[in-house]
Amino acid sequence: MEENNIPPAMPPEMPVTPPPSPLQVTSDNRPFADRPGIKILFIVLLSLALFIPQAFIYALISEREGRSTSAKFEIGASYGGMQSITGPVLTIPYCYPEAKADSIGVVTLLPAELNVEAGINTQTLSRGMYDAEVYDSDIRIAGQFTFDYLKGLPVPMSALRLDQAVVTIGVEGLKGIQSLSEFAFGGK
């Protein structure tokens, strides 16, 4: 009876293969998320979806920069804008005693020596959430004209109308001018 405990031998015609393991996955029955094409497609779709908030942030930044620029421009324009000062220039009319048509004109002189003193104060003005720096300045201009240049011109000194001479100081816009001080010419 001891011989009954031995299992019978398998017939030689049947191949011996182990049963499939539950951990072993064949290419036909892989889960959907394990396929590389699906993973690449998911990464591309996720990247495209993340561009949407980035586009919103870019549009918001661009709009704020535009509003900031226009607010600074409006503040500067209401305060007086950018100023440019030129001069002083001395303009002297001349007229020959013969008074021909081509004998009337002007001679323009720039100062031989020019001293400019400027004091600048800054101030911050606001419009909404935007700030802009504006500047106040106190400018003093002093110059000295010499008539040495006139000696080399073909216009004789007797033809110059010094009583009609004009000193011109150019200012780009008068909106920013708060006050003008006295003008002295020749110590007067």
# chains A, B, ... in the order shown; residues from 1 in each chain; ligands from 1

$ select_by_dssp --residues "segment 50-162 of chain A" --states "strand (DSSP E)" --output "PyMOL selection string"
chain A and resi 85-95+104-109+113-127+130-144

$ closest_residue --among "A:Gly80, A:Gly176, A:Gly170, A:Gly143" --to "Asn115 of chain A" --atoms "only C-alpha atoms"
A:Gly143

$ residues_around --residues "Arg127 of chain A" --least-positions-apart "3" --cutoff "12 Å" --atoms "only C-alpha atoms" --output "NGL selection string"
:A and (67-76 or 78 or 124 or 130-133)

$ write_last_selection --atoms "N, CA and C atoms" --output "short mmCIF file (atom, residue, chain, number, x, y, z; two decimals), in the first residue's frame"
data_model
loop_
_atom_site.label_atom_id
_atom_site.label_comp_id
_atom_site.auth_asym_id
_atom_site.auth_seq_id
_atom_site.Cartn_x
_atom_site.Cartn_y
_atom_site.Cartn_z
N ARG A 67 -1.14 100.15 -18.44
CA ARG A 67 -1.84 101.12 -17.58
C ARG A 67 -0.85 101.95 -16.77
N SER A 68 0.21 101.32 -16.31
CA SER A 68 1.23 102.05 -15.55
C SER A 68 1.88 103.12 -16.42
N THR A 69 2.21 102.77 -17.64
CA THR A 69 2.83 103.73 -18.55
C THR A 69 1.88 104.89 -18.85
N SER A 70 0.62 104.58 -19.13
CA SER A 70 -0.33 105.66 -19.43
C SER A 70 -0.62 106.52 -18.20
N ALA A 71 -0.66 105.91 -17.00
CA ALA A 71 -0.89 106.69 -15.78
C ALA A 71 0.29 107.62 -15.52
N LYS A 72 1.51 107.14 -15.72
CA LYS A 72 2.68 108.00 -15.53
C LYS A 72 2.70 109.13 -16.54
N PHE A 73 2.30 108.84 -17.77
CA PHE A 73 2.24 109.88 -18.79
C PHE A 73 1.19 110.92 -18.44
N GLU A 74 0.01 110.49 -17.98
CA GLU A 74 -1.06 111.43 -17.60
C GLU A 74 -0.64 112.29 -16.40
N ILE A 75 0.01 111.68 -15.42
CA ILE A 75 0.47 112.45 -14.26
C ILE A 75 1.49 113.49 -14.70
N GLY A 76 2.44 113.08 -15.52
CA GLY A 76 3.46 114.02 -16.00
C GLY A 76 2.86 115.13 -16.84
N SER A 78 -0.22 116.31 -16.67
CA SER A 78 -1.01 117.21 -15.84
C SER A 78 -0.11 118.10 -14.98
N THR A 124 6.34 112.55 -5.30
CA THR A 124 5.63 111.38 -5.81
C THR A 124 4.14 111.69 -5.86
N TYR A 130 -0.97 103.49 -9.19
CA TYR A 130 0.27 103.80 -9.91
C TYR A 130 0.87 105.10 -9.37
N ASP A 131 2.19 105.10 -9.18
CA ASP A 131 2.92 106.26 -8.69
C ASP A 131 3.85 106.76 -9.79
N ALA A 132 4.08 108.07 -9.77
CA ALA A 132 5.02 108.66 -10.73
C ALA A 132 5.81 109.75 -10.01
N GLU A 133 7.07 109.81 -10.33
CA GLU A 133 7.94 110.84 -9.78
C GLU A 133 7.85 112.08 -10.67
#

$ closest_residue --among "A:Ile43, A:Val89, A:Met82, A:Leu48" --to "Thr168 of chain A" --atoms "only C-alpha atoms"
A:Val89

$ select_by_dssp --residues "segment 50-146 of chain A" --states "helix (DSSP H, G or I)" --output "ChimeraX atom specification"
/A:50-79,101-103
